[in-house]
file upload_6.cif (mmCIF, C-alpha atoms)
data_my_file
#
loop_
_atom_site.label_atom_id
_atom_site.label_comp_id
_atom_site.auth_asym_id
_atom_site.auth_seq_id
_atom_site.Cartn_x
_atom_site.Cartn_y
_atom_site.Cartn_z
CA MET A 17 -42.29 129.00 188.99
CA SER A 18 -41.71 130.15 192.54
CA GLU A 19 -44.06 128.92 195.20
CA GLU A 20 -45.76 130.83 197.97
CA LEU A 21 -44.06 131.87 201.16
CA HIS A 22 -44.47 129.52 204.13
CA ARG A 23 -43.70 130.91 207.58
CA GLN A 24 -43.36 129.14 210.92
CA GLU A 25 -42.46 130.26 214.43
CA LEU A 26 -39.40 128.37 215.63
CA CYS A 27 -39.23 129.82 219.12
CA ARG A 28 -40.04 133.09 220.84
CA GLY A 29 -39.27 135.96 218.49
CA VAL A 30 -37.67 133.76 215.81
CA ALA A 31 -39.49 132.81 212.60
CA LEU A 32 -38.44 130.87 209.51
CA SER A 33 -39.90 131.76 206.12
CA THR A 34 -39.39 129.45 203.15
CA VAL A 35 -39.87 129.96 199.42
CA THR A 36 -39.08 127.01 197.16
CA ASP A 37 -38.18 127.39 193.49
CA ALA A 38 -36.94 124.33 191.62
CA LYS A 39 -35.10 126.32 188.93
CA PHE A 40 -32.24 127.07 191.33
CA LYS A 41 -29.47 124.68 192.30
CA SER A 42 -28.53 126.66 195.41
CA ASN A 43 -30.13 127.91 198.59
CA ARG A 44 -29.83 131.31 200.22
CA ILE A 45 -30.22 131.33 203.99
CA SER A 46 -30.24 134.57 205.93
CA CYS A 47 -30.79 135.80 209.47
CA ASN A 48 -32.38 139.26 209.67
CA ILE A 49 -32.38 141.00 213.04
CA LEU A 50 -34.97 143.80 213.25
CA ILE A 51 -33.83 146.76 215.36
CA PRO A 52 -35.80 149.97 215.95
CA LEU A 53 -33.82 152.85 214.45
CA SER A 54 -32.32 155.54 216.65
CA TRP A 55 -29.41 157.89 216.08
CA GLU A 56 -27.77 156.76 219.33
CA THR A 57 -27.46 153.10 218.32
CA ALA A 58 -27.47 153.08 214.50
CA ALA A 59 -23.69 153.20 213.98
CA VAL A 60 -22.73 150.64 216.62
CA ASN A 61 -25.43 148.26 215.39
CA ALA A 62 -24.30 148.76 211.80
CA ILE A 63 -20.76 147.62 212.51
CA VAL A 64 -21.80 144.32 214.11
CA PRO A 65 -22.46 142.19 210.97
CA PHE A 66 -19.17 143.27 209.42
CA ILE A 67 -17.21 142.24 212.52
CA LEU A 68 -19.13 138.95 212.79
CA ARG A 69 -18.38 137.93 209.20
CA ARG A 70 -14.60 138.26 209.67
CA ARG A 71 -14.25 135.23 211.94
CA PHE A 72 -15.92 133.35 214.79
CA ALA A 73 -14.99 130.94 217.58
CA SER A 74 -14.71 127.79 215.44
CA CYS A 75 -12.96 129.70 212.62
CA PRO A 76 -10.72 132.09 214.58
CA ASP A 77 -8.97 133.54 211.54
CA PHE A 78 -9.95 134.61 208.05
CA THR A 79 -7.86 131.91 206.39
CA ARG A 80 -9.64 129.10 208.22
CA LEU A 81 -13.00 130.66 207.41
CA ASN A 82 -12.18 130.73 203.70
CA GLU A 83 -11.02 127.13 203.85
CA ARG A 84 -14.33 126.19 205.43
CA LEU A 85 -16.27 127.94 202.68
CA CYS A 86 -14.19 126.11 200.03
CA GLU A 87 -15.08 122.81 201.73
CA LEU A 88 -18.72 123.82 201.26
CA TYR A 89 -18.33 123.95 197.47
CA GLY A 90 -17.45 127.63 197.48
CA ALA A 91 -20.38 128.83 199.57
CA SER A 92 -20.51 132.62 199.92
CA LEU A 93 -20.93 134.39 203.23
CA ASP A 94 -22.03 137.99 203.68
CA GLY A 95 -23.06 140.58 206.23
CA ASP A 96 -24.99 143.75 205.55
CA VAL A 97 -27.22 146.45 207.00
CA ARG A 98 -30.57 147.36 205.49
CA LYS A 99 -33.32 149.77 206.37
CA TYR A 100 -37.06 149.31 206.20
CA GLY A 101 -39.23 152.10 207.50
CA GLY A 102 -38.28 152.81 211.09
CA TYR A 103 -36.16 149.65 211.43
CA GLN A 104 -32.53 148.84 210.89
CA ILE A 105 -31.99 145.27 209.68
CA VAL A 106 -28.75 143.50 210.52
CA ASN A 107 -28.38 140.76 207.92
CA LEU A 108 -26.11 137.72 207.83
CA SER A 109 -26.47 135.36 204.89
CA ILE A 110 -24.93 132.30 203.29
CA GLN A 111 -25.55 130.92 199.81
CA GLY A 112 -24.52 127.41 198.90
CA LEU A 113 -25.19 124.40 196.71
CA ASP A 114 -28.24 122.30 197.53
CA ASP A 115 -27.76 118.78 198.95
CA ARG A 116 -29.01 117.16 195.72
CA PHE A 117 -26.07 118.43 193.70
CA THR A 118 -23.13 117.55 195.95
CA LEU A 119 -20.66 114.85 194.82
CA LYS A 120 -20.96 112.62 197.86
CA GLY A 121 -24.36 113.59 199.24
CA GLU A 122 -22.93 116.04 201.78
CA PRO A 123 -25.64 117.73 203.90
CA MET A 124 -25.03 121.24 202.60
CA VAL A 125 -28.17 122.78 204.07
CA ARG A 126 -27.27 121.51 207.53
CA GLU A 127 -23.63 122.62 207.23
CA CYS A 128 -24.57 126.10 205.98
CA CYS A 129 -27.12 126.61 208.76
CA GLU A 130 -24.63 125.54 211.44
CA LEU A 131 -22.03 127.90 210.00
CA ILE A 132 -24.30 130.95 209.98
CA CYS A 133 -25.41 130.12 213.54
CA ASP A 134 -21.76 129.90 214.61
CA MET A 135 -21.12 133.28 213.04
CA LEU A 136 -24.11 134.96 214.70
CA LEU A 137 -24.31 133.18 218.04
CA ASP A 138 -20.70 132.17 218.81
CA PRO A 139 -18.41 134.96 217.56
CA TYR A 140 -14.71 135.37 218.16
CA LEU A 141 -14.26 137.27 221.43
CA GLU A 142 -11.28 138.47 223.43
CA ASP A 143 -12.08 138.90 227.13
CA GLY A 144 -15.78 139.27 226.31
CA ALA A 145 -15.25 141.92 223.64
CA PHE A 146 -14.72 141.82 219.89
CA SER A 147 -11.20 141.78 218.51
CA ALA A 148 -9.57 145.21 218.72
CA VAL A 149 -7.97 144.67 215.29
CA ASP A 150 -11.28 143.66 213.65
CA THR A 151 -13.14 146.53 215.28
CA ARG A 152 -10.57 149.11 214.21
CA LEU A 153 -10.64 147.90 210.60
CA GLU A 154 -14.44 147.89 210.44
CA ILE A 155 -14.67 151.35 212.02
CA THR A 156 -12.50 152.61 209.16
CA ASN A 157 -14.74 150.87 206.62
CA LEU A 158 -17.89 152.20 208.27
CA VAL A 159 -16.60 155.78 208.35
CA ASP A 160 -15.58 155.49 204.69
CA THR A 161 -19.11 154.28 203.84
CA ILE A 162 -20.71 157.17 205.72
CA GLN A 163 -18.38 159.70 204.10
CA ALA A 164 -18.97 158.23 200.64
CA GLU A 165 -22.54 159.54 200.75
CA VAL A 166 -21.25 163.10 200.83
CA ASN A 167 -19.09 162.40 197.77
CA ASP A 168 -22.12 161.20 195.80
CA LYS A 169 -24.01 164.47 195.73
CA ARG A 170 -27.20 162.94 194.32
CA ASP A 171 -27.51 160.43 197.15
CA TYR A 172 -26.45 163.07 199.66
CA ALA A 173 -29.20 165.46 198.56
CA VAL A 174 -31.86 162.74 198.70
CA SER A 175 -30.67 161.73 202.17
CA GLN A 176 -30.68 165.33 203.41
CA CYS A 177 -34.21 165.88 202.15
CA ALA A 178 -35.37 162.66 203.82
CA SER A 179 -33.80 163.74 207.13
CA LEU A 180 -35.70 167.03 206.95
CA LEU A 181 -38.91 165.40 205.78
CA PHE A 182 -38.92 162.93 208.69
CA GLU A 183 -37.28 165.14 211.30
CA GLY A 184 -37.98 163.73 214.77
CA GLU A 185 -39.19 160.38 213.38
CA PRO A 186 -37.29 157.06 213.15
CA PHE A 187 -37.55 157.26 209.34
CA ALA A 188 -34.98 160.09 209.46
CA VAL A 189 -32.22 157.90 210.91
CA LYS A 190 -29.66 156.68 208.37
CA LYS A 191 -28.93 152.96 208.33
CA TYR A 192 -25.19 153.42 208.98
CA GLY A 193 -25.66 156.16 211.57
CA ARG A 194 -23.39 159.17 212.06
CA GLU A 195 -19.64 159.46 211.59
CA GLU A 196 -18.99 160.77 215.11
CA ASP A 197 -20.83 157.79 216.59
CA ALA A 198 -18.88 155.37 214.40
CA LEU A 199 -15.58 156.86 215.60
CA ALA A 200 -16.68 156.36 219.22
CA ILE A 201 -17.23 152.59 218.83
CA THR A 202 -15.04 150.29 220.94
CA PRO A 203 -14.63 146.48 220.90
CA ALA A 204 -16.66 146.35 224.12
CA SER A 205 -19.49 148.62 222.93
CA ALA A 206 -19.82 146.68 219.67
CA ALA A 207 -19.99 143.39 221.58
CA GLN A 208 -22.59 144.87 223.90
CA ALA A 209 -24.67 145.97 220.89
CA TRP A 210 -24.46 142.38 219.55
CA ARG A 211 -25.65 140.96 222.87
CA GLN A 212 -28.46 143.51 223.09
CA MET A 213 -29.83 142.74 219.63
CA LEU A 214 -29.71 139.00 220.27
CA ARG A 215 -31.54 139.40 223.55
CA THR A 216 -34.25 141.89 222.56
CA CYS A 217 -34.85 141.89 218.80
CA PRO A 218 -37.09 139.73 216.61
CA VAL A 219 -35.32 137.56 214.05
CA GLU A 220 -36.67 136.74 210.60
CA ILE A 221 -34.86 133.81 208.96
CA MET A 222 -35.28 133.41 205.21
CA PHE A 223 -34.70 130.15 203.30
CA ILE A 224 -34.92 130.73 199.55
CA GLY A 225 -33.99 128.09 196.98
CA SER A 226 -34.59 124.60 195.66
CA GLY A 227 -33.92 122.58 198.81
CA SER A 228 -35.87 121.39 201.82
CA SER A 229 -35.89 123.66 204.85
CA GLY A 230 -36.54 120.86 207.37
CA ALA A 231 -32.94 120.72 208.56
CA ALA A 232 -32.80 124.51 208.75
CA ALA A 233 -35.87 124.62 210.99
CA GLU A 234 -34.42 122.02 213.34
CA ILE A 235 -30.98 123.67 213.58
CA PHE A 236 -32.18 127.25 214.04
CA ARG A 237 -34.74 126.18 216.63
CA ARG A 238 -32.13 124.30 218.64
CA ARG A 239 -29.50 127.03 218.46
CA PHE A 240 -31.82 129.95 219.27
CA GLU A 241 -33.55 128.10 222.11
CA ALA A 242 -30.16 128.02 223.84
CA VAL A 243 -29.98 131.83 223.77
CA GLU A 244 -31.49 133.87 226.61
CA ARG A 245 -33.99 136.12 224.86
CA GLN A 246 -36.69 138.62 225.76
CA PRO A 247 -37.61 139.85 222.27
CA MET A 248 -39.80 142.85 221.63
CA PRO A 249 -42.50 142.43 218.97
CA TYR A 250 -42.01 144.01 215.56
CA ARG A 251 -44.20 147.12 215.33
CA PRO A 252 -43.93 149.15 212.10
CA ALA A 253 -43.50 152.86 212.73
CA PRO A 254 -46.77 154.65 211.94
CA VAL A 255 -46.96 156.75 208.80
CA SER A 256 -47.69 160.33 209.79
CA ALA A 257 -49.72 162.84 207.81
CA PRO A 258 -48.29 166.28 206.87
CA LEU A 259 -49.20 168.76 209.57
CA ARG A 260 -47.35 171.81 208.28
CA GLU A 261 -47.01 174.08 205.30
CA PRO A 262 -44.29 173.15 202.80
CA ARG A 263 -40.82 174.33 203.75
CA TRP A 264 -37.76 175.11 201.64
CA ARG A 265 -34.13 174.54 202.64
CA THR A 266 -30.97 175.42 200.71
CA GLU A 267 -27.50 174.11 201.49
CA HIS A 268 -24.32 175.40 199.86
CA MET A 269 -21.39 173.21 198.88
CA ASP A 270 -18.64 173.25 196.28
CA VAL A 271 -20.75 171.74 193.49
CA LYS A 272 -21.07 172.59 189.79
CA GLN A 273 -24.62 171.23 189.43
CA GLY A 274 -27.60 171.91 191.69
CA LYS A 275 -29.48 169.04 193.32
CA LEU A 276 -33.20 169.65 193.80
CA VAL A 277 -35.25 167.22 195.91
CA LEU A 278 -38.98 167.51 196.65
CA GLY A 279 -40.35 165.43 199.52
CA PHE A 280 -44.04 164.47 199.49
CA ARG A 281 -46.18 162.67 202.05
CA THR A 282 -48.66 160.10 200.75
CA GLY A 283 -50.63 159.95 203.99
CA GLU A 284 -51.86 156.63 205.34
CA LEU A 285 -52.92 154.23 202.57
CA ARG A 286 -55.24 151.69 204.12
CA THR A 287 -55.69 149.08 201.41
CA GLU A 288 -53.38 147.06 199.16
CA ARG A 289 -55.15 148.57 196.18
CA GLU A 290 -54.38 152.12 197.33
CA LEU A 291 -50.72 151.17 197.81
CA ASN A 292 -50.50 149.70 194.32
CA ALA A 293 -52.19 152.76 192.84
CA MET A 294 -49.59 154.99 194.52
CA LYS A 295 -46.77 152.78 193.25
CA MET A 296 -48.13 153.00 189.72
CA MET A 297 -48.76 156.74 189.97
CA SER A 298 -45.14 157.33 191.04
CA ALA A 299 -43.87 155.22 188.14
CA LEU A 300 -46.05 157.04 185.59
CA TRP A 301 -45.11 160.43 187.02
CA GLY A 302 -41.36 159.92 187.36
CA GLY A 303 -40.29 156.30 187.79
CA THR A 304 -39.52 155.16 184.24
CA PRO A 305 -37.46 156.28 181.22
CA PHE A 306 -40.74 157.31 179.56
CA SER A 307 -42.35 158.95 182.61
CA ARG A 308 -43.76 162.46 182.48
CA LEU A 309 -40.89 163.92 184.49
CA PHE A 310 -38.33 162.39 182.14
CA VAL A 311 -40.15 163.24 178.93
CA HIS A 312 -41.31 166.75 179.79
CA VAL A 313 -38.94 168.17 182.44
CA ARG A 314 -35.77 166.65 181.02
CA GLU A 315 -36.31 165.97 177.33
CA ARG A 316 -38.83 168.58 176.17
CA LEU A 317 -37.94 171.57 178.36
CA HIS A 318 -34.27 170.70 179.08
CA LEU A 319 -34.61 171.89 182.66
CA CYS A 320 -32.52 169.13 184.24
CA TYR A 321 -29.99 166.36 183.68
CA TYR A 322 -32.18 163.77 185.39
CA CYS A 323 -35.51 163.79 187.19
CA ALA A 324 -37.04 160.78 188.93
CA SER A 325 -39.49 159.88 191.69
CA ARG A 326 -38.96 157.27 194.41
CA TYR A 327 -41.91 155.82 196.30
CA ASP A 328 -41.29 154.38 199.77
CA ARG A 329 -44.25 152.41 201.03
CA ALA A 330 -42.88 151.96 204.56
CA SER A 331 -42.55 155.69 205.29
CA GLY A 332 -45.50 156.87 203.18
CA SER A 333 -43.39 159.20 201.08
CA ILE A 334 -42.32 160.04 197.54
CA LEU A 335 -39.04 161.84 196.86
CA VAL A 336 -38.48 163.50 193.49
CA ASP A 337 -34.83 164.32 192.82
CA SER A 338 -33.36 166.26 189.95
CA GLY A 339 -29.97 167.56 188.82
CA VAL A 340 -30.34 171.13 187.55
CA GLU A 341 -28.37 174.21 186.60
CA PHE A 342 -28.58 176.68 189.47
CA GLU A 343 -30.59 179.20 187.44
CA ASN A 344 -33.18 176.54 186.53
CA ARG A 345 -34.12 175.65 190.08
CA GLU A 346 -37.46 177.47 190.23
CA LYS A 347 -38.49 176.48 186.70
CA ALA A 348 -37.72 172.83 187.37
CA GLU A 349 -39.65 172.86 190.64
CA GLU A 350 -42.64 174.49 188.98
CA GLU A 351 -42.64 172.00 186.12
CA ILE A 352 -42.35 168.99 188.48
CA LEU A 353 -45.42 170.22 190.32
CA HIS A 354 -47.14 170.99 187.02
CA GLN A 355 -46.65 167.40 185.88
CA LEU A 356 -48.14 166.18 189.18
CA GLU A 357 -51.20 168.31 188.45
CA ALA A 358 -51.37 166.79 184.98
CA VAL A 359 -51.44 163.28 186.44
CA LYS A 360 -54.00 164.39 189.02
CA ASN A 361 -56.21 165.69 186.19
CA GLY A 362 -55.82 162.54 184.09
CA GLU A 363 -53.77 164.27 181.39
CA PHE A 364 -51.85 161.15 180.44
CA THR A 365 -52.39 158.94 177.41
CA ASP A 366 -53.53 155.34 177.26
CA GLU A 367 -50.10 154.50 175.87
CA GLU A 368 -48.38 156.04 178.92
CA PHE A 369 -50.74 154.08 181.17
CA GLU A 370 -50.15 150.75 179.42
CA ASN A 371 -46.39 151.22 179.19
CA THR A 372 -46.23 151.89 182.93
CA VAL A 373 -48.18 148.71 183.66
CA LEU A 374 -45.82 146.68 181.44
CA TYR A 375 -42.75 148.29 183.04
CA LEU A 376 -43.86 147.40 186.57
CA VAL A 377 -45.01 143.89 185.62
CA ASN A 378 -41.70 143.13 183.89
CA GLY A 379 -39.83 144.38 186.94
CA LEU A 380 -41.86 142.09 189.18
CA LYS A 381 -41.16 139.13 186.88
CA SER A 382 -37.42 139.74 187.06
CA THR A 383 -37.58 139.69 190.88
CA THR A 384 -37.58 135.89 190.80
CA ASP A 385 -34.46 135.64 188.61
CA THR A 386 -32.06 135.61 191.57
CA LEU A 387 -32.08 134.27 195.10
CA GLY A 388 -31.10 137.69 196.45
CA GLY A 389 -33.93 139.38 194.59
CA MET A 390 -36.43 136.89 195.99
CA GLU A 391 -35.08 137.33 199.51
CA ASN A 392 -35.44 141.12 199.31
CA TRP A 393 -38.97 140.82 197.93
CA TYR A 394 -40.32 138.37 200.48
CA LEU A 395 -38.62 139.98 203.49
CA THR A 396 -40.15 143.31 202.50
CA GLN A 397 -43.53 141.64 202.07
CA LEU A 398 -43.28 140.11 205.54
CA LEU A 399 -42.41 143.44 207.13
CA ALA A 400 -45.29 145.08 205.30
CA GLY A 401 -47.71 142.46 206.65
CA SER A 402 -48.20 140.69 203.34
CA GLY A 403 -47.05 137.45 201.76
CA ARG A 404 -47.90 138.06 198.14
CA THR A 405 -45.77 136.63 195.36
CA PRO A 406 -44.41 138.94 192.66
CA MET A 407 -46.87 137.45 190.18
CA GLU A 408 -49.78 138.11 192.52
CA ASN A 409 -48.66 141.71 192.83
CA ALA A 410 -48.33 141.93 189.03
CA ALA A 411 -51.98 140.82 188.72
CA GLN A 412 -52.95 143.54 191.21
CA ILE A 413 -51.07 146.18 189.21
CA ARG A 414 -53.00 145.22 186.08
CA GLU A 415 -56.27 145.93 187.91
CA ILE A 416 -55.45 149.57 188.77
CA THR A 417 -57.55 152.13 186.87
CA ARG A 418 -56.85 155.60 185.57
CA ARG A 419 -59.15 157.08 188.21
CA GLU A 420 -57.20 155.38 191.01
CA ILE A 421 -53.95 156.84 189.69
CA MET A 422 -55.53 160.30 189.58
CA ASP A 423 -56.80 159.87 193.15
CA ALA A 424 -53.32 158.77 194.30
CA ALA A 425 -51.79 161.91 192.77
CA ALA A 426 -54.46 164.05 194.44
CA GLY A 427 -53.51 162.54 197.81
CA LEU A 428 -49.88 163.69 197.68
CA ARG A 429 -48.87 166.63 199.87
CA LEU A 430 -45.66 168.59 199.36
CA ASP A 431 -43.79 168.77 202.66
CA THR A 432 -40.12 169.62 202.10
CA VAL A 433 -38.06 171.07 199.25
CA TYR A 434 -34.28 170.76 199.54
CA PHE A 435 -31.76 172.38 197.20
CA LEU A 436 -28.02 171.79 197.15
CA ALA A 437 -26.49 174.93 195.63
CA GLY A 438 -22.96 176.06 194.83
CA LYS A 439 -20.71 178.27 196.94
CA GLU A 440 -21.01 181.15 194.48
CA GLU A 441 -24.81 181.14 194.91
CA GLU A 442 -24.32 181.68 198.63
CA HIS A 443 -22.36 184.90 198.01
CA GLU A 444 -24.91 186.16 195.51
#

call {"tool": "encode", "arguments": {"input": "upload_6.cif", "output": "structure tokens"}}
result
Amino acid sequence: MSEELHRQELCRGVALSTVTDAKFKSNRISCNILIPLSWETAAVNAIVPFILRRRFASCPDFTRLNERLCELYGASLDGDVRKYGGYQIVNLSIQGLDDRFTLKGEPMVRECCELICDMLLDPYLEDGAFSAVDTRLEITNLVDTIQAEVNDKRDYAVSQCASLLFEGEPFAVKKYGREEDALAITPASAAQAWRQMLRTCPVEIMFIGSGSSGAAAEIFRRRFEAVERQPMPYRPAPVSAPLREPRWRTEHMDVKQGKLVLGFRTGELRTERELNAMKMMSALWGGTPFSRLFVHVRERLHLCYYCASRYDRASGSILVDSGVEFENREKAEEEILHQLEAVKNGEFTDEEFENTVLYLVNGLKSTTDTLGGMENWYLTQLLAGSGRTPMENAAQIREITRREIMDAAAGLRLDTVYFLAGKEEEHE
């Protein structure tokens, strides 16, 4: 069984959070830099972890870095960019065997922590800038990632609806930024972005696994205390209420299947119970293979190829996306809203209610199956101002009543409807 999260401040703007679970033989250690999202800086910030993971001062080429990881019993190193609410999260992580399982008692925790600090705090630089070769390669990769969203029309439609829904708010900014900004990155601007985030951004360090985090605390404290920092506090972006009438937008592309996305605002949910009720309402409405949107809109009426809801606690929103034939757009939209009214009026069976509870509880149980799943869970909990374990949240889910689900549905407000249509529809 996983234990509770323990958090300690190491130095100004740097905290270490530990979760110990004896069933693992490895530890996952990650540094998460929290950066307020803006269109101007998103792309250049996004490229930083991918440049950092290529090499650093003590491992000045990729071959030596791989050799070092092999010496650490095949430890894996990674860099990534995440998004939570109005924040971009630059993530560097390492996963390696715990000290107890090494052949000669090597201090794996200590070695892994020193390596990730070297990668983050002492990168490979050429005249104060990142390598031109590394930067050029990662710009190509970043542009490919940004362009890939357009190729996946489902993700593209959801992203476009979110940008409209949160227009003018940090929630609208995409975690990888814009293509034109990615193409403008230089080795010097990327290095400057790295220095800026180290100097001004809070850092959440996660230690998840079976080992002791004592060495990690000592190493990260020592290494970060040597960095000149003036960190800003983490302040979640406020969830805004809908202030306008619903609006409809249609975009035309060369597609054979329409993509319909409805964006709803949940408003500000003040208690943990209200948040859990909204999570459960979204799952019952459209978040499971037996939800009302799946059963009625897709299976019974054959109005779409898929139809699902996505609840985002950080932004206070629910997005419902559906793949439809162009001529079924209005019918599908009407039926999605009709099923919301049905939930609002309590027109769901006890079996639907119980199956939704079991679905969410089983999902929470599986969260603790992997170190990465546990890291994602507890980091999100920290950013949301909570430290609950998955099992504690499962117990909360079981307490939610039918009336609370109905009230959650009644609190939703339709804000934006986005439809991706075909070129021929534009001419018609």

call {"tool": "closest_residue", "arguments": {"input": "upload_6.cif", "among": "A:Ala206, A:Met248, A:Ala232, A:Leu68", "to": "Met124 (chain A)", "atoms": "all atoms listed in the file"}}
result
A:Ala232

call {"tool": "resolve_selection", "arguments": {"input": "upload_6.cif", "expression": "the PyMOL selection byres ((chain A and resi 216) around 7)", "output": "compact mmCIF listing (two decimals) with C-alpha atoms, in the frame of the given file"}}
result
# COMPACT_ATOMS: atom_id res chain seq x y z
CA GLN A 212 -28.46 143.51 223.09
CA MET A 213 -29.83 142.74 219.63
CA LEU A 214 -29.71 139.00 220.27
CA ARG A 215 -31.54 139.40 223.55
CA CYS A 217 -34.85 141.89 218.80
CA PRO A 218 -37.09 139.73 216.61
CA ARG A 245 -33.99 136.12 224.86
CA GLN A 246 -36.69 138.62 225.76
CA PRO A 247 -37.61 139.85 222.27
CA MET A 248 -39.80 142.85 221.63

call {"tool": "resolve_selection", "arguments": {"input": "upload_6.cif", "expression": "the PyMOL selection byres ((chain A and resi 337) around 12)", "output": "mmCIF file with C-alpha atoms, in the frame of the given file"}}
result
data_model
loop_
_atom_site.group_PDB
_atom_site.id
_atom_site.type_symbol
_atom_site.label_atom_id
_atom_site.label_comp_id
_atom_site.auth_asym_id
_atom_site.auth_seq_id
_atom_site.Cartn_x
_atom_site.Cartn_y
_atom_site.Cartn_z
ATOM 1 C CA LYS A 169 -24.010 164.470 195.730
ATOM 2 C CA ARG A 170 -27.200 162.940 194.320
ATOM 3 C CA ASP A 171 -27.510 160.430 197.150
ATOM 4 C CA TYR A 172 -26.450 163.070 199.660
ATOM 5 C CA ALA A 173 -29.200 165.460 198.560
ATOM 6 C CA VAL A 174 -31.860 162.740 198.700
ATOM 7 C CA SER A 175 -30.670 161.730 202.170
ATOM 8 C CA GLN A 176 -30.680 165.330 203.410
ATOM 9 C CA CYS A 177 -34.210 165.880 202.150
ATOM 10 C CA ALA A 178 -35.370 162.660 203.820
ATOM 11 C CA GLY A 274 -27.600 171.910 191.690
ATOM 12 C CA LYS A 275 -29.480 169.040 193.320
ATOM 13 C CA LEU A 276 -33.200 169.650 193.800
ATOM 14 C CA VAL A 277 -35.250 167.220 195.910
ATOM 15 C CA LEU A 278 -38.980 167.510 196.650
ATOM 16 C CA GLY A 279 -40.350 165.430 199.520
ATOM 17 C CA PHE A 280 -44.040 164.470 199.490
ATOM 18 C CA GLY A 302 -41.360 159.920 187.360
ATOM 19 C CA GLY A 303 -40.290 156.300 187.790
ATOM 20 C CA LEU A 309 -40.890 163.920 184.490
ATOM 21 C CA PHE A 310 -38.330 162.390 182.140
ATOM 22 C CA VAL A 313 -38.940 168.170 182.440
ATOM 23 C CA CYS A 320 -32.520 169.130 184.240
ATOM 24 C CA TYR A 321 -29.990 166.360 183.680
ATOM 25 C CA TYR A 322 -32.180 163.770 185.390
ATOM 26 C CA CYS A 323 -35.510 163.790 187.190
ATOM 27 C CA ALA A 324 -37.040 160.780 188.930
ATOM 28 C CA SER A 325 -39.490 159.880 191.690
ATOM 29 C CA ARG A 326 -38.960 157.270 194.410
ATOM 30 C CA TYR A 327 -41.910 155.820 196.300
ATOM 31 C CA ILE A 334 -42.320 160.040 197.540
ATOM 32 C CA LEU A 335 -39.040 161.840 196.860
ATOM 33 C CA VAL A 336 -38.480 163.500 193.490
ATOM 34 C CA SER A 338 -33.360 166.260 189.950
ATOM 35 C CA GLY A 339 -29.970 167.560 188.820
ATOM 36 C CA VAL A 340 -30.340 171.130 187.550
ATOM 37 C CA ARG A 345 -34.120 175.650 190.080
ATOM 38 C CA ALA A 348 -37.720 172.830 187.370
ATOM 39 C CA GLU A 349 -39.650 172.860 190.640
ATOM 40 C CA ILE A 352 -42.350 168.990 188.480
ATOM 41 C CA THR A 432 -40.120 169.620 202.100
ATOM 42 C CA VAL A 433 -38.060 171.070 199.250
ATOM 43 C CA TYR A 434 -34.280 170.760 199.540
ATOM 44 C CA PHE A 435 -31.760 172.380 197.200
ATOM 45 C CA LEU A 436 -28.020 171.790 197.150
#

call {"tool": "residues_around", "arguments": {"input": "upload_6.cif", "residues": "region 76-82 of chain A", "least_positions_apart": "6", "cutoff": "10 Å", "atoms": "only C-alpha atoms", "output": "ChimeraX atom specification"}}
result
/A:69-70,88,90-93,131,139-141

call {"tool": "residues_around", "arguments": {"input": "upload_6.cif", "residues": "region 112-116 of chain A", "least_positions_apart": "3", "cutoff": "8 Å", "atoms": "all atoms listed in the file", "output": "compact mmCIF listing (two decimals) with C-alpha atoms, keeping the file's coordinate frame"}}
result
# COMPACT_ATOMS: atom_id res chain seq x y z
CA LYS A 41 -29.47 124.68 192.30
CA SER A 42 -28.53 126.66 195.41
CA ASN A 43 -30.13 127.91 198.59
CA ARG A 44 -29.83 131.31 200.22
CA LEU A 88 -18.72 123.82 201.26
CA TYR A 89 -18.33 123.95 197.47
CA GLY A 90 -17.45 127.63 197.48
CA ALA A 91 -20.38 128.83 199.57
CA SER A 92 -20.51 132.62 199.92
CA GLY A 121 -24.36 113.59 199.24
CA GLU A 122 -22.93 116.04 201.78
CA PRO A 123 -25.64 117.73 203.90
CA MET A 124 -25.03 121.24 202.60
CA VAL A 125 -28.17 122.78 204.07
CA CYS A 128 -24.57 126.10 205.98
CA SER A 226 -34.59 124.60 195.66
CA GLY A 227 -33.92 122.58 198.81

call {"tool": "residues_around", "arguments": {"input": "upload_6.cif", "residues": "Thr383 (chain A)", "least_positions_apart": "5", "cutoff": "8 Å", "atoms": "all atoms listed in the file", "output": "list in words"}}
result
Gly389, Met390, Trp393 and Pro406 of chain A

call {"tool": "write_last_selection", "arguments": {"input": "upload_6.cif", "atoms": "C-alpha atoms", "output": "short mmCIF file (atom, residue, chain, number, x, y, z; two decimals), in the frame of the given file"}}
result
data_model
loop_
_atom_site.label_atom_id
_atom_site.label_comp_id
_atom_site.auth_asym_id
_atom_site.auth_seq_id
_atom_site.Cartn_x
_atom_site.Cartn_y
_atom_site.Cartn_z
CA GLY A 389 -33.93 139.38 194.59
CA MET A 390 -36.43 136.89 195.99
CA TRP A 393 -38.97 140.82 197.93
CA PRO A 406 -44.41 138.94 192.66
#

call {"tool": "closest_residue", "arguments": {"input": "upload_6.cif", "among": "A:Thr405, A:Lys439, A:Glu195, A:Gly29", "to": "Asn392 (chain A)", "atoms": "only C-alpha atoms"}}
result
A:Thr405
